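A.B. asks: Input file: final.txt. Contents: compact mmCIF, C-alpha atoms and all ligand atoms.
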```txt
# COMPACT_ATOMS: atom_id res chain seq x y z
CA MET G 425 23.80 78.10 -40.61
CA VAL G 426 20.29 77.27 -39.51
CA ALA G 427 18.15 74.17 -39.95
CA GLU G 428 14.37 74.24 -40.20
CA ASN G 429 12.60 71.32 -38.57
CA ALA G 430 9.13 69.89 -39.13
CA VAL G 431 7.35 72.08 -36.59
CA ASN G 432 8.73 75.20 -38.15
CA THR G 433 11.20 76.08 -35.44
CA VAL G 434 14.64 77.38 -36.15
CA ILE G 435 17.59 75.74 -34.46
CA THR G 436 21.02 77.26 -34.86
CA GLU G 437 23.46 74.53 -35.85
CA GLY G 438 25.92 73.65 -33.13
CA GLU G 439 23.55 74.80 -30.40
CA PRO G 440 22.17 71.90 -28.37
CA PHE G 441 18.36 72.03 -28.26
CA TYR G 442 17.32 71.12 -24.73
CA GLY G 443 13.67 72.09 -24.77
CA PRO G 444 12.23 75.08 -23.02
CA ASP G 445 12.48 78.05 -25.33
CA PHE G 446 9.83 80.64 -24.64
CA GLY G 447 10.77 82.72 -27.66
CA MET G 448 9.96 79.75 -29.87
CA LEU G 449 6.54 79.30 -28.27
CA ARG G 450 5.89 83.00 -28.72
CA ARG G 451 6.67 82.80 -32.42
CA ASN G 452 4.76 79.54 -33.01
CA ASP G 453 1.73 80.04 -30.80
CA PRO G 454 1.45 83.58 -29.48
CA GLU G 455 -2.06 82.91 -28.17
CA MET G 456 -0.85 80.14 -25.85
CA ALA G 457 2.32 82.04 -24.97
CA GLN G 458 0.07 84.82 -23.71
CA VAL G 459 -1.86 82.36 -21.52
CA LEU G 460 1.44 81.29 -19.92
CA LEU G 461 2.49 84.89 -19.37
CA ASP G 462 -0.89 85.83 -17.92
CA GLU G 463 -0.75 82.95 -15.44
CA LEU G 464 2.74 84.00 -14.36
CA GLU G 465 1.45 87.55 -13.98
CA ARG G 466 -1.52 86.33 -11.93
CA THR G 467 0.70 84.42 -9.50
CA ARG G 468 3.22 87.25 -9.30
CA GLY G 469 0.56 89.89 -8.74
CA GLY G 470 -1.11 88.41 -5.68
CA LEU G 471 -0.71 86.15 -2.68
CA GLN G 472 -1.02 82.41 -3.23
CA LEU G 473 -2.27 80.80 -0.03
CA ILE G 474 -3.68 77.57 -1.46
CA ALA G 475 -2.21 74.91 0.85
CA SER G 476 -1.74 72.36 -1.94
CA GLU G 477 0.24 74.61 -4.30
CA ASN G 478 3.88 75.63 -4.53
CA PHE G 479 6.40 77.15 -6.97
CA THR G 480 8.86 74.64 -8.41
CA SER G 481 12.43 75.66 -9.13
CA PRO G 482 13.43 76.71 -12.67
CA ALA G 483 15.51 73.49 -12.79
CA VAL G 484 12.37 71.41 -12.24
CA LEU G 485 10.58 73.42 -14.95
CA ALA G 486 13.47 72.83 -17.34
CA ALA G 487 13.29 69.05 -16.84
CA LEU G 488 9.50 69.16 -17.28
CA GLY G 489 9.80 71.04 -20.54
CA SER G 490 12.36 68.63 -21.95
CA ALA G 491 12.38 66.19 -24.85
CA LEU G 492 11.91 63.32 -22.39
CA THR G 493 8.17 63.89 -22.89
CA ASN G 494 8.57 62.15 -26.26
CA LYS G 495 9.72 58.80 -24.95
CA TYR G 496 7.51 55.76 -24.51
CA ALA G 497 8.86 53.65 -21.66
CA GLU G 498 6.17 51.24 -20.45
CA GLY G 499 7.68 49.03 -17.77
CA TYR G 500 10.48 49.80 -15.33
CA PRO G 501 14.21 50.58 -15.74
CA GLY G 502 15.93 47.62 -17.40
CA HIS G 503 12.56 45.97 -18.18
CA ARG G 504 10.76 48.10 -20.74
CA TYR G 505 8.34 47.23 -23.51
CA HIS G 506 9.98 49.71 -25.90
CA GLY G 507 13.38 50.14 -27.45
CA GLY G 508 15.64 53.10 -26.83
CA CYS G 509 14.92 53.43 -23.11
CA GLU G 510 18.52 53.29 -21.93
CA VAL G 511 18.71 57.07 -21.41
CA VAL G 512 15.32 57.56 -19.73
CA ASP G 513 16.12 54.55 -17.55
CA ARG G 514 18.82 56.73 -16.00
CA ALA G 515 16.25 59.43 -15.18
CA GLU G 516 13.95 56.96 -13.42
CA ALA G 517 16.82 55.20 -11.63
CA LEU G 518 18.04 58.56 -10.32
CA ALA G 519 14.55 59.50 -9.12
CA VAL G 520 14.13 56.17 -7.30
CA GLU G 521 17.62 56.23 -5.80
CA ARG G 522 17.21 59.79 -4.50
CA ALA G 523 13.73 59.14 -3.09
CA LYS G 524 14.96 56.01 -1.30
CA LEU G 525 17.75 58.02 0.27
CA LEU G 526 15.45 60.89 1.18
CA PHE G 527 12.76 58.79 2.85
CA GLY G 528 14.66 55.67 3.91
CA ALA G 529 12.06 53.56 2.11
CA GLU G 530 12.65 49.96 1.04
CA HIS G 531 10.94 50.50 -2.30
CA VAL G 532 9.83 53.50 -4.35
CA ASN G 533 7.60 53.87 -7.40
CA VAL G 534 7.89 57.28 -9.06
CA GLN G 535 5.49 56.65 -11.95
CA PRO G 536 2.07 57.67 -10.54
CA TYR G 537 0.60 60.49 -12.60
CA SER G 538 -0.96 62.07 -9.51
CA GLY G 539 -1.87 61.54 -5.87
CA THR G 540 -5.16 60.06 -6.99
CA THR G 541 -3.58 57.44 -9.24
CA ALA G 542 -1.05 56.63 -6.50
CA ASN G 543 -4.00 55.88 -4.20
CA LEU G 544 -5.80 53.95 -6.94
CA ALA G 545 -2.70 51.78 -7.34
CA ALA G 546 -2.44 51.24 -3.57
CA TYR G 547 -6.07 50.04 -3.44
CA ALA G 548 -5.47 47.85 -6.50
CA ALA G 549 -2.33 46.32 -5.00
CA LEU G 550 -3.79 45.44 -1.62
CA LEU G 551 -7.54 44.95 -2.07
CA ARG G 552 -10.29 43.47 -4.18
CA PRO G 553 -13.43 45.41 -5.11
CA GLY G 554 -15.95 45.20 -2.28
CA ASP G 555 -13.31 44.98 0.48
CA THR G 556 -13.77 47.11 3.57
CA VAL G 557 -11.57 50.18 4.10
CA LEU G 558 -11.46 52.50 7.13
CA ALA G 559 -10.53 56.09 6.28
CA MET G 560 -11.05 59.68 7.37
CA ALA G 561 -14.35 61.30 6.37
CA LEU G 562 -14.08 63.91 3.62
CA SER G 563 -16.21 66.25 5.74
CA HIS G 564 -13.61 66.07 8.53
CA GLY G 565 -10.55 66.62 6.33
CA GLY G 566 -10.12 63.37 4.38
CA HIS G 567 -9.76 63.18 0.58
CA LEU G 568 -12.08 62.12 -2.25
CA THR G 569 -9.95 58.97 -2.68
CA HIS G 570 -10.68 58.00 0.93
CA GLY G 571 -14.19 56.78 0.21
CA SER G 572 -16.24 59.50 -1.46
CA ARG G 573 -19.20 58.09 -3.40
CA SER G 574 -18.20 60.32 -6.31
CA ASN G 575 -14.82 58.57 -6.52
CA PHE G 576 -13.70 55.02 -7.39
CA SER G 577 -12.91 54.49 -3.69
CA GLY G 578 -16.47 54.93 -2.46
CA ARG G 579 -18.01 53.24 -5.51
CA TRP G 580 -15.89 50.10 -5.63
CA PHE G 581 -15.03 49.64 -1.95
CA ASP G 582 -17.00 49.44 1.24
CA VAL G 583 -15.61 52.46 3.09
CA VAL G 584 -16.26 53.13 6.76
CA SER G 585 -15.30 56.66 7.91
CA TYR G 586 -13.76 57.98 11.08
CA GLY G 587 -13.61 61.64 12.08
CA VAL G 588 -12.31 64.10 14.63
CA ARG G 589 -13.72 64.73 18.10
CA ARG G 590 -16.29 67.51 18.37
CA ASP G 591 -14.66 69.05 21.47
CA THR G 592 -10.96 69.04 20.45
CA GLU G 593 -11.27 68.69 16.65
CA LEU G 594 -8.39 66.19 16.94
CA LEU G 595 -8.34 62.67 15.51
CA ASP G 596 -10.23 60.30 17.75
CA TYR G 597 -8.01 57.20 17.98
CA ASP G 598 -10.54 55.46 20.26
CA GLU G 599 -13.16 55.83 17.54
CA VAL G 600 -10.72 54.55 14.90
CA ARG G 601 -10.01 51.48 17.04
CA ASP G 602 -13.70 50.84 17.82
CA LEU G 603 -14.62 51.04 14.12
CA ALA G 604 -11.69 48.82 13.17
CA LEU G 605 -12.74 46.16 15.70
CA ARG G 606 -16.37 46.37 14.55
CA TYR G 607 -15.85 46.39 10.76
CA ARG G 608 -12.52 44.49 10.42
CA PRO G 609 -11.25 46.56 7.45
CA LYS G 610 -8.71 45.07 5.10
CA MET G 611 -6.99 48.45 4.87
CA ILE G 612 -6.84 51.52 7.12
CA ILE G 613 -5.93 54.89 5.64
CA CYS G 614 -4.43 57.72 7.63
CA GLY G 615 -3.50 61.08 6.16
CA ALA G 616 -5.72 63.98 5.13
CA ALA G 617 -6.23 66.97 2.89
CA ALA G 618 -7.34 69.36 5.63
CA TYR G 619 -6.05 68.33 9.06
CA PRO G 620 -3.58 70.80 10.60
CA ARG G 621 -2.12 68.55 13.28
CA LEU G 622 0.39 65.69 13.40
CA ILE G 623 -0.85 62.14 12.90
CA ASP G 624 0.13 59.41 15.35
CA PHE G 625 1.34 56.76 12.90
CA ALA G 626 2.30 54.37 15.71
CA ALA G 627 -1.29 54.45 17.02
CA PHE G 628 -2.63 53.67 13.51
CA ARG G 629 -0.08 50.84 13.12
CA GLY G 630 -1.18 49.36 16.46
CA ILE G 631 -4.85 49.41 15.40
CA ALA G 632 -4.05 47.97 11.96
CA ASP G 633 -2.06 45.14 13.56
CA GLU G 634 -4.88 44.40 15.99
CA VAL G 635 -7.29 43.70 13.14
CA GLY G 636 -4.79 42.40 10.56
CA ALA G 637 -5.26 45.38 8.19
CA TRP G 638 -2.83 47.01 5.79
CA LEU G 639 -1.89 50.56 6.75
CA LEU G 640 -1.83 53.15 3.96
CA ALA G 641 -0.49 56.60 4.89
CA ASP G 642 -1.61 59.17 2.35
CA MET G 643 1.00 61.90 2.84
CA ALA G 644 -0.02 63.94 -0.22
CA HIS G 645 0.06 67.16 1.80
CA THR G 646 2.84 66.70 4.34
CA ILE G 647 5.36 64.67 2.32
CA GLY G 648 7.65 67.69 1.97
CA LEU G 649 7.65 68.21 5.73
CA MET G 650 8.46 64.51 6.10
CA ALA G 651 11.29 64.84 3.57
CA GLY G 652 12.65 67.84 5.46
CA GLY G 653 12.57 65.86 8.72
CA VAL G 654 10.40 68.45 10.50
CA ILE G 655 7.48 66.08 11.17
CA PRO G 656 7.64 62.35 12.02
CA SER G 657 7.96 59.94 9.10
CA ALA G 658 5.19 57.49 8.22
CA VAL G 659 7.68 55.14 6.55
CA PRO G 660 8.56 53.03 9.63
CA TYR G 661 4.85 52.38 10.32
CA ALA G 662 2.90 52.17 7.06
CA ASP G 663 2.96 49.32 4.56
CA VAL G 664 2.42 51.88 1.82
CA VAL G 665 2.93 55.65 1.76
CA THR G 666 1.39 57.54 -1.14
CA PHE G 667 2.21 61.15 -1.91
CA THR G 668 2.00 64.00 -4.35
CA THR G 669 5.10 65.74 -5.64
CA HIS G 670 3.65 69.19 -6.28
CA LYS G 671 2.60 70.35 -2.82
CA SER G 672 4.99 70.80 0.12
CA LEU G 673 7.65 68.79 -1.76
CA ARG G 674 7.85 71.61 -4.35
CA GLY G 675 8.17 69.44 -7.43
CA PRO G 676 6.30 68.85 -10.68
CA ARG G 677 2.61 67.86 -10.63
CA GLY G 678 2.57 64.13 -9.97
CA GLY G 679 2.51 61.31 -7.45
CA GLY G 680 4.67 58.62 -5.92
CA ILE G 681 4.58 55.58 -3.68
CA LEU G 682 6.94 54.35 -0.93
CA CYS G 683 6.44 50.83 0.37
CA THR G 684 7.95 47.83 2.09
CA SER G 685 9.78 45.13 0.11
CA GLU G 686 6.91 42.79 0.99
CA VAL G 687 4.42 44.64 -1.21
CA ALA G 688 6.87 46.15 -3.73
CA ALA G 689 6.07 43.81 -6.64
CA ARG G 690 2.31 44.21 -6.07
CA ILE G 691 2.62 48.00 -6.01
CA ASP G 692 4.69 48.08 -9.20
CA ARG G 693 2.22 45.83 -11.06
CA ALA G 694 -0.70 47.91 -9.74
CA VAL G 695 0.85 51.10 -11.16
CA PHE G 696 1.82 49.52 -14.49
CA PRO G 697 0.13 47.77 -16.22
CA PHE G 698 -2.96 47.75 -13.97
CA THR G 699 -3.85 51.44 -13.56
CA GLN G 700 -1.46 53.36 -15.83
CA GLY G 701 0.20 53.20 -19.22
CA GLY G 702 3.44 54.80 -20.36
CA PRO G 703 5.14 56.79 -17.59
CA LEU G 704 5.61 60.55 -18.04
CA MET G 705 9.40 60.46 -18.34
CA HIS G 706 9.76 64.26 -18.38
CA ALA G 707 7.80 64.41 -15.10
CA ILE G 708 9.94 61.61 -13.66
CA ALA G 709 13.10 63.54 -14.59
CA ALA G 710 11.61 66.60 -12.89
CA LYS G 711 10.78 64.48 -9.82
CA ALA G 712 14.44 63.38 -9.72
CA VAL G 713 15.53 67.04 -9.78
CA MET G 714 13.06 67.78 -6.97
CA PHE G 715 14.27 64.84 -4.84
CA GLY G 716 17.83 66.11 -5.38
CA GLU G 717 16.76 69.55 -4.14
CA ALA G 718 14.97 68.07 -1.13
CA LEU G 719 18.14 66.16 -0.19
CA ARG G 720 20.04 69.44 0.24
CA PRO G 721 20.34 70.71 3.84
CA GLU G 722 18.58 73.97 3.00
CA PHE G 723 15.34 72.07 2.27
CA ALA G 724 14.96 71.26 5.98
CA GLY G 725 15.22 74.99 6.69
CA TYR G 726 12.55 75.68 4.08
CA CYS G 727 10.23 73.12 5.74
CA ALA G 728 10.78 74.50 9.24
CA LYS G 729 10.02 77.97 7.87
CA MET G 730 6.78 76.72 6.23
CA ILE G 731 5.55 75.64 9.68
CA ALA G 732 6.78 78.77 11.50
CA ASN G 733 5.08 80.90 8.85
CA CYS G 734 1.84 78.95 9.14
CA ARG G 735 1.84 79.33 12.93
CA ALA G 736 2.36 83.09 12.59
CA LEU G 737 -0.53 83.19 10.10
CA ALA G 738 -2.86 81.07 12.28
CA ASP G 739 -2.06 83.09 15.43
CA THR G 740 -2.76 86.36 13.62
CA LEU G 741 -6.04 85.06 12.21
CA ALA G 742 -7.02 83.97 15.73
CA GLU G 743 -6.36 87.50 17.02
CA GLU G 744 -8.55 88.79 14.19
CA GLY G 745 -11.52 86.64 15.22
CA MET G 746 -10.97 83.81 12.72
CA ARG G 747 -10.68 80.77 14.96
CA PRO G 748 -8.10 78.18 13.86
CA VAL G 749 -9.59 74.68 13.94
CA THR G 750 -7.75 72.73 16.72
CA ASP G 751 -6.56 76.17 17.90
CA GLY G 752 -3.47 76.14 15.72
CA THR G 753 -1.29 74.09 13.41
CA ASP G 754 1.73 71.77 13.37
CA THR G 755 2.08 71.88 9.60
CA HIS G 756 2.04 74.07 6.50
CA LEU G 757 -1.75 74.46 6.57
CA ALA G 758 -4.36 76.03 8.80
CA LEU G 759 -8.13 75.72 8.78
CA VAL G 760 -10.11 78.61 10.14
CA ASP G 761 -13.69 78.82 11.35
CA LEU G 762 -15.39 81.99 10.09
CA ARG G 763 -18.63 81.67 12.02
CA GLY G 764 -17.45 84.32 14.52
CA LEU G 765 -17.39 86.85 11.67
CA GLY G 766 -20.70 85.72 10.17
CA VAL G 767 -19.18 85.27 6.69
CA SER G 768 -19.35 81.96 4.78
CA GLY G 769 -16.23 80.29 3.36
CA ALA G 770 -17.45 80.86 -0.19
CA GLU G 771 -18.04 84.56 0.43
CA ALA G 772 -14.67 84.94 2.21
CA GLU G 773 -12.93 83.20 -0.72
CA ARG G 774 -14.57 85.71 -3.10
CA ARG G 775 -13.69 88.72 -0.94
CA CYS G 776 -10.05 87.61 -0.65
CA ALA G 777 -9.87 87.05 -4.42
CA ALA G 778 -11.07 90.63 -4.97
CA ALA G 779 -8.08 91.79 -2.89
CA GLY G 780 -5.58 89.61 -4.80
CA ILE G 781 -5.42 86.83 -2.20
CA THR G 782 -5.98 83.32 -3.56
CA LEU G 783 -7.13 80.69 -1.04
CA ASP G 784 -9.72 77.93 -0.68
CA ARG G 785 -13.01 77.80 1.15
CA SER G 786 -13.15 74.61 3.19
CA VAL G 787 -15.58 72.64 5.25
CA ILE G 788 -14.61 72.49 8.90
CA PRO G 789 -15.44 69.53 11.16
CA TYR G 790 -19.19 69.35 11.93
CA ASP G 791 -19.78 72.16 9.43
CA PRO G 792 -23.45 73.12 9.24
CA GLU G 793 -22.95 74.44 5.69
CA PRO G 794 -22.66 72.36 2.49
CA PRO G 795 -19.28 72.08 0.66
CA THR G 796 -20.32 74.72 -1.88
CA VAL G 797 -20.80 77.27 0.93
CA THR G 798 -18.76 76.08 3.98
CA SER G 799 -17.98 77.84 7.25
CA GLY G 800 -14.22 77.86 6.83
CA LEU G 801 -11.09 78.64 4.87
CA ARG G 802 -8.00 76.50 4.31
CA LEU G 803 -4.75 78.45 4.01
CA GLY G 804 -1.21 77.24 3.48
CA THR G 805 2.31 78.62 3.39
CA PRO G 806 4.26 76.56 0.79
CA CYS G 807 4.13 79.30 -1.89
CA VAL G 808 4.84 82.33 0.29
CA THR G 809 7.69 80.47 2.01
CA THR G 810 9.23 79.61 -1.36
CA GLN G 811 8.99 83.34 -2.14
CA GLY G 812 11.16 84.00 0.92
CA MET G 813 8.56 85.36 3.32
CA GLU G 814 9.22 85.27 7.06
CA PRO G 815 6.86 84.91 10.06
CA SER G 816 6.74 88.73 10.38
CA ASP G 817 5.45 88.90 6.78
CA LEU G 818 2.83 86.28 7.61
CA VAL G 819 1.54 88.43 10.45
CA GLU G 820 0.87 91.11 7.86
CA VAL G 821 -0.62 88.54 5.47
CA GLY G 822 -2.97 87.39 8.26
CA ARG G 823 -4.11 90.94 8.89
CA LEU G 824 -4.68 91.50 5.17
CA VAL G 825 -6.73 88.28 4.90
CA ALA G 826 -8.85 89.24 7.92
CA ARG G 827 -9.43 92.75 6.60
CA ALA G 828 -10.32 91.45 3.14
CA VAL G 829 -12.92 89.14 4.71
CA ARG G 830 -14.35 91.82 7.00
CA GLU G 831 -14.22 94.87 4.72
CA PRO G 832 -15.12 93.98 1.13
CA ARG G 833 -15.26 97.69 0.25
CA ALA G 834 -11.55 98.03 1.05
CA ALA G 835 -10.57 95.36 -1.52
CA GLY G 836 -8.78 97.89 -3.75
CA GLU G 837 -6.67 99.32 -0.95
CA ILE G 838 -5.86 95.86 0.46
CA GLY G 839 -5.00 94.71 -3.06
CA GLU G 840 -2.39 97.46 -3.38
CA ARG G 841 -0.61 96.28 -0.22
CA VAL G 842 -0.91 92.64 -1.39
CA ALA G 843 0.70 93.59 -4.71
CA ALA G 844 3.53 95.44 -2.94
CA LEU G 845 4.18 92.49 -0.63
CA SER G 846 4.20 90.09 -3.58
CA ALA G 847 6.50 92.38 -5.57
CA ALA G 848 8.98 92.40 -2.70
CA HIS G 849 8.96 88.56 -2.68
CA GLN G 850 8.65 87.56 -6.32
CA ALA G 851 8.06 84.03 -7.48
CA TYR G 852 10.34 83.50 -10.49
CA PRO G 853 12.03 86.92 -10.34
CA CYS G 854 12.92 88.37 -13.75
CA ARG G 855 16.54 88.12 -14.79
CA ARG G 856 18.20 91.51 -15.11
C1 LIG M 1 -4.71 63.65 1.03
C2 LIG M 1 -4.71 63.73 -0.47
N1 LIG M 1 -4.64 62.61 -1.19
C3 LIG M 1 -4.64 62.61 -2.52
C4 LIG M 1 -4.70 63.79 -3.22
C5 LIG M 1 -4.80 63.73 -4.73
O1 LIG M 1 -3.77 64.32 -5.40
P1 LIG M 1 -3.94 64.74 -6.95
O2 LIG M 1 -4.74 65.99 -6.98
O3 LIG M 1 -2.53 64.86 -7.44
O4 LIG M 1 -4.66 63.61 -7.63
C6 LIG M 1 -4.75 65.00 -2.54
C7 LIG M 1 -4.83 66.27 -3.27
O5 LIG M 1 -5.15 67.31 -2.80
C8 LIG M 1 -4.75 64.98 -1.11
O6 LIG M 1 -4.82 66.10 -0.40
```
Will you turn the file into structure tokens for me?
Ligand SMILES: Cc1ncc(COP(=O)(O)O)c(C=O)c1O
C.D. replies:
Amino acid sequence: MVAENAVNTVITEGEPFYGPDFGMLRRNDPEMAQVLLDELERTRGGLQLIASENFTSPAVLAALGSALTNKYAEGYPGHRYHGGCEVVDRAEALAVERAKLLFGAEHVNVQPYSGTTANLAAYAALLRPGDTVLAMALSHGGHLTHGSRSNFSGRWFDVVSYGVRRDTELLDYDEVRDLALRYRPKMIICGAAAYPRLIDFAAFRGIADEVGAWLLADMAHTIGLMAGGVIPSAVPYADVVTFTTHKSLRGPRGGGILCTSEVAARIDRAVFPFTQGGPLMHAIAAKAVMFGEALRPEFAGYCAKMIANCRALADTLAEEGMRPVTDGTDTHLALVDLRGLGVSGAEAERRCAAAGITLDRSVIPYDPEPPTVTSGLRLGTPCVTTQGMEPSDLVEVGRLVARAVREPRAAGEIGERVAALSAAHQAYPCRR
């Protein structure tokens, strides 16, 4: 027996309907089903070296595609503004419990829709419009939410920027301290979108304490490495740690906040009702699945491999005349300076794309070129590591990238090798 429901889908009686059913999408909306297939084909057919992307597990995708998307649950577990939240409460409680265990944080908020809204909530919790903030310059590797004039942070707050030293391209803690003493910020932000080295959280804590500032660690990029225990944790030092769930942590697109008990209530109120409405319960369920995966011992191995792979990639690019900023990396990402090859970042991004290699152009510190052109590339290893690649594979990837940048006419030939390498390490391999 079959039952027809309102959206014209057929459910066989007795079979529990849990959500993701690609056949149903194909029948109901073949046009959109094709978009999904084409995107899968695109990622499977080439190399994904965008440092902020990853491939979630099928379990995470299943939770994301679940009926939990239907539920309104404004508020927090046990204190909702809607009826019928007792089941989704379990999803959020699990996510919070697992994240607390994973990071050793006193308090966790798993509701932020993204890294940007997590940062917005952190500003809202700790500051008033017009307050002074000290954060890393976007042109040196910071993020839009760290004071760009095109973002709420630069428009509503008085942001003073620090950068990296010209000679070493490393964070200049003396400059951070001098600026903090001069401008007396109410909040200092550490963390970046394009900085390949470790951050000295203790040094930032010391400076924040000296001037009585809050310390926000924006770990959007390196949170997975922190979860895997392969880089130092910001939790013992920062009042608030914001993060994204879709980068090195390998979860669904979204954000999260870890904080001390002292600011917990302010953070929760800043997320809801101040900056967000109903939480995305399907995404929160998927975050719980992801935290569960990150708690398994093999996740630490994955994180260590991300770094080893990135070092192999950066070393190879260096041999090929693409100088790694800071001469290397401690993380999952590398920035390279292309000026030695006389090719702009934008042109290199285009040439790599023609050979099936997806990566981002990026400004490098003291870049003479504007952000639309740039002198550099940012590359990362979360995706290729999830696909099972090893440092020896990344040596080949580095050579392919360098050749694609240097020899645009060889794009077809390079593309064939890229496709073969990707085929040997498939994201979401087909079931046989
Ligand atoms: C340091 C940093 N903070 C915040 C964000 C914002 O994250 P989202 O794109 O999820 O808003 C990013 C994203 O790249 C980031 O790198």
A.B. asks: Please write out the residues within 7 Å of ligand LIG 1 (chain M) as an NGL selection string, counting all atoms listed in the file.
C.D. replies: :G and (476 or 538-541 or 543 or 566-567 or 569 or 615-617 or 642-645 or 668 or 677-679)
A.B. asks: Work out how far CA of Ser490 in chain G is from CA of Met714 in chain G, in Å to one decimal.
C.D. replies: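 Interatomic distance here is 15.0 Å.
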A.B. asks: Using all atoms listed in the file, which of G:His706, G:Glu465, G:Pro853, G:Pro789 sits nearest Tyr586 in chain G?
C.D. replies: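 Closest residue, counting all atoms listed in the file: G:Pro789.
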A.B. asks: So which residues touch range 791-804 of chain G within 7 Å, counting all atoms listed in the file, skipping near sequence neighbours fewer than 2 positions away, as a list in words?
C.D. replies: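 Contacts, with the query itself left out: Leu473, Ile474, Ala475, Cys734, His756, Leu757, Ala758, Leu759, Val760, Asp761, Leu762, Arg763, Ser768, Gly769, Ala770, Leu783, Asp784, Arg785, Ser786, Val787, Ile788, Pro789 and Pro806 of chain G.
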A.B. asks: Which residue is closest to Ala738 in chain G? Choose from G:Thr782, G:Ser672, G:Gln811, G:Thr805 and count all atoms listed in the file.
C.D. replies: G:Thr805
A.B. asks: Quick one: distance from CA of Gly489 in chain G to CA of Pro444 in chain G in Å, one decimal?
C.D. replies: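 Pair CA of Gly489 in chain G / CA of Pro444 in chain G returns 5.3 Å.
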A.B. asks: Step by step: start from the point (4.4, 51.4, -13.3) in the file's coordinates, keep every protein, DNA or RNA residue that has an atom no farther than 9 Å from it, count only C-alpha atoms, and write the set as a ChimeraX atom specification.
C.D. replies: /G:498-500,533-536,691-703
A.B. asks: Okay, now the selection with C-alpha atoms, as a PDB file, keeping the file's coordinate frame?
C.D. replies:
```pdb
ATOM      1  CA  GLU G 498       6.170  51.240 -20.450  1.00  0.00           C
ATOM      2  CA  GLY G 499       7.680  49.030 -17.770  1.00  0.00           C
ATOM      3  CA  TYR G 500      10.480  49.800 -15.330  1.00  0.00           C
ATOM      4  CA  ASN G 533       7.600  53.870  -7.400  1.00  0.00           C
ATOM      5  CA  VAL G 534       7.890  57.280  -9.060  1.00  0.00           C
ATOM      6  CA  GLN G 535       5.490  56.650 -11.950  1.00  0.00           C
ATOM      7  CA  PRO G 536       2.070  57.670 -10.540  1.00  0.00           C
ATOM      8  CA  ILE G 691       2.620  48.000  -6.010  1.00  0.00           C
ATOM      9  CA  ASP G 692       4.690  48.080  -9.200  1.00  0.00           C
ATOM     10  CA  ARG G 693       2.220  45.830 -11.060  1.00  0.00           C
ATOM     11  CA  ALA G 694      -0.700  47.910  -9.740  1.00  0.00           C
ATOM     12  CA  VAL G 695       0.850  51.100 -11.160  1.00  0.00           C
ATOM     13  CA  PHE G 696       1.820  49.520 -14.490  1.00  0.00           C
ATOM     14  CA  PRO G 697       0.130  47.770 -16.220  1.00  0.00           C
ATOM     15  CA  PHE G 698      -2.960  47.750 -13.970  1.00  0.00           C
ATOM     16  CA  THR G 699      -3.850  51.440 -13.560  1.00  0.00           C
ATOM     17  CA  GLN G 700      -1.460  53.360 -15.830  1.00  0.00           C
ATOM     18  CA  GLY G 701       0.200  53.200 -19.220  1.00  0.00           C
ATOM     19  CA  GLY G 702       3.440  54.800 -20.360  1.00  0.00           C
ATOM     20  CA  PRO G 703       5.140  56.790 -17.590  1.00  0.00           C
TER      21      PRO G 703
END
```
A.B. asks: Go through G:Ala487, G:Ala561, G:Val512, G:Ile731 and flag the residue nearest Ser585 in chain G, using all atoms listed in the file for the distances.
C.D. replies: G:Ala561
A.B. asks: Which one is closest to Tyr790 in chain G: G:Gly587, G:Gly578, G:Gly447, G:Pro482? Count all atoms listed in the file.
C.D. replies: G:Gly587
A.B. asks: Kindly give the distance, in Å, that separates CA of Arg830 in chain G and CA of Gly766 in chain G, rounded to a single decimal.
C.D. replies: 9.4 Å
A.B. asks: For Ala772 in chain G, which residue out of G:Val825, G:Ser816, G:Pro721, G:Glu743 is the nearest one, using only C-alpha atoms?
C.D. replies: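 Among the listed residues, the smallest separation from Ala772 in chain G belongs to G:Val825.
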A.B. asks: Here is a test: counting all atoms listed in the file, which residue of G:Arg827, G:His564, G:Arg608, G:His670 is nearest to Val749 in chain G?
C.D. replies: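 Residue with the minimum atom-to-atom distance to Val749 in chain G: G:His564.
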A.B. asks: Need to verify the contact set: Val583 in chain G, 10 Å, all atoms listed in the file, exclusion of same-chain residues closer than 2 positions in sequence. Can you return it as an MDAnalysis selection string?
C.D. replies: chainID G and resid 554:561 570:573 577:581 585:586 607 609 611:612
